[in-house]
Each structure stands twice: as C-alpha cells, then as structure tokens.
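Participant: Quick one: this structure, given as structure tokens, is what I'll be asking you about.
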Amino acid sequence: IGKLGKCAARTPLHDPTLPLSHAAIMMSLQTMIDVDRARGIEGSFGFRFGEIGYSATMRDGELHVVRDVSDGHEVVMTTTPEGLAAVIYGGAPLDSIGIEGDIALARRFVTLFPLPDKVA
C-alpha cells in the first residue's frame with residue numbers, strides 16, 4: 001500500500017483539500033512517512049478526532065498506529081482529519097490544531113511526511 005499511496009499522491013488528480021476520514025489520514029501518515037527523516041525520532045502520539053482516537057508509536061523510522069483512546073502519550077493532537085492534513089501536508093501552522101505535551105516533538109513530527117512531486 002505504501003508505494004501505491006505515494007504513487008497516487010503524485011498524480012495531478014490527487015487533491016489534498018478533499019474531505020477525508022480519520023482512518024484515511026492515519027493510513028496516509030503510515031504511507032507517507034519519510035523513513036530517513038524519521039530515523040532517530042522516537043515517541044508516543046495520540047490523535048483525537050472528536051470521539052475517535054488513535055495511538056501511534058514512532059520507532060526505527062516507522063509509525064505504528066492502533067485505534068484507541070489511551071492516555072500517556074508524549075504528544076496529543078486534537079483536530080479533524082482535514083485539520084491534521086492541513087498542518088502536515090499543507091503547511092498550516094501547528095497552533096491551528098490542539099496540541100498537548102512535547103511541542104518540540106510535535107514540530108518535528110509534522111515535518112516527517114513530505115508529499116512527492118506531481119508528475120505531468
């Protein structure tokens with residue numbers, strides 16, 4: 001799925017402004033993570049989309065995601081799927097979403113998911 005997702009993001013028809021589900025944004029993060037950028041960054045992240053939550057662990061350049069609403073994360077982001085996409089993929093300011101915990105780690109985290117260049 002990773003290579004297919006990255007290929008799809010390169011097509012001119014890919015529109016990152018369209019609505020997406022909480023599951024789609026989490027799968028997107030797992031697909032689009034840049035392993036080289038993520039290497040050496042470890043942490044526990046929580047994502048809250050209203051009543052729905054996810055936990056993610058960053059380790060060895062990979063993001064492991066499970067659907068749950070557990071506590072104890074180093075960073076918790078509270079937003080909508082589109083709000084998270086706007087920060088990670090669209091360059092919206094980090095303070096446009098709710099952030100709790102280690103702000104420096106959150107700032108690093110949102111830089112780990114570059115979109116590939118579009119193909120003609």
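Order determines the names: the first chain of the structure tokens is A, the second B, and so forth; residues in each chain are numbered 1 upward, and ligands are numbered 1 upward as they are shown.
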Could you pull out all residues of chain A with a DSSP call of strand (DSSP E or B) and give them as a ChimeraX atom specification?
Facilitator: /A:43-49,52-59,62-67,75-78,98-101
Participant: Please provide as a PyMOL selection string all residues within 12 Å of Gly91 in chain A, with the sequence filter that same-chain residues fewer than 5 positions apart are discarded (counting only C-alpha atoms).
Facilitator: chain A and resi 16+83-86+96+107+110-111+113-115
Participant: Counting only C-alpha atoms, what is within 12 Å of Gly40 in chain A, bar same-chain residues fewer than 3 positions away, as a list in words?
Facilitator: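 Answer for this query is Val35, Asp36, Arg37, Gly43, Met58, Arg59, Asp60, Gly61, Glu62, Leu105, Arg108, Phe109 and Leu112 of chain A.
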Participant: His73 in chain A: which residues within 12 Å, counting only C-alpha atoms, same-chain residues fewer than 2 positions away excluded, as a PyMOL selection string?
Facilitator: chain A and resi 42-48+54-58+68-71+75-77+99-102+105-106
Participant: Taking the backbone alone, and naming residues the way the document does, which bits of chain A are alpha helix (DSSP H) by DSSP, as a PyMOL selection string?
Facilitator: chain A and resi 2-10+22-32+35-38+81-88+103-109
Participant: Identify which of the residues A:Leu20, A:Ala104, A:Ile97, A:Ile88 lies closest to Ile41 in chain A, counting only C-alpha atoms when measuring atom-to-atom distances.
Facilitator: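 Closest to Ile41 in chain A of all the choices is A:Ala104.
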Participant: So how far away is CA of Gly50 in chain A from CA of Ile33 in chain A, in Å?
Facilitator: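 CA of Gly50 in chain A lies 24.1 Å from CA of Ile33 in chain A.
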Participant: With distances taken over only C-alpha atoms, which residue among A:Phe49, A:Glu74, A:Val66, A:Thr31 lies nearest Gly98 in chain A?
Facilitator: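 Checking each candidate against Gly98 in chain A, we get A:Phe49 as the closest.
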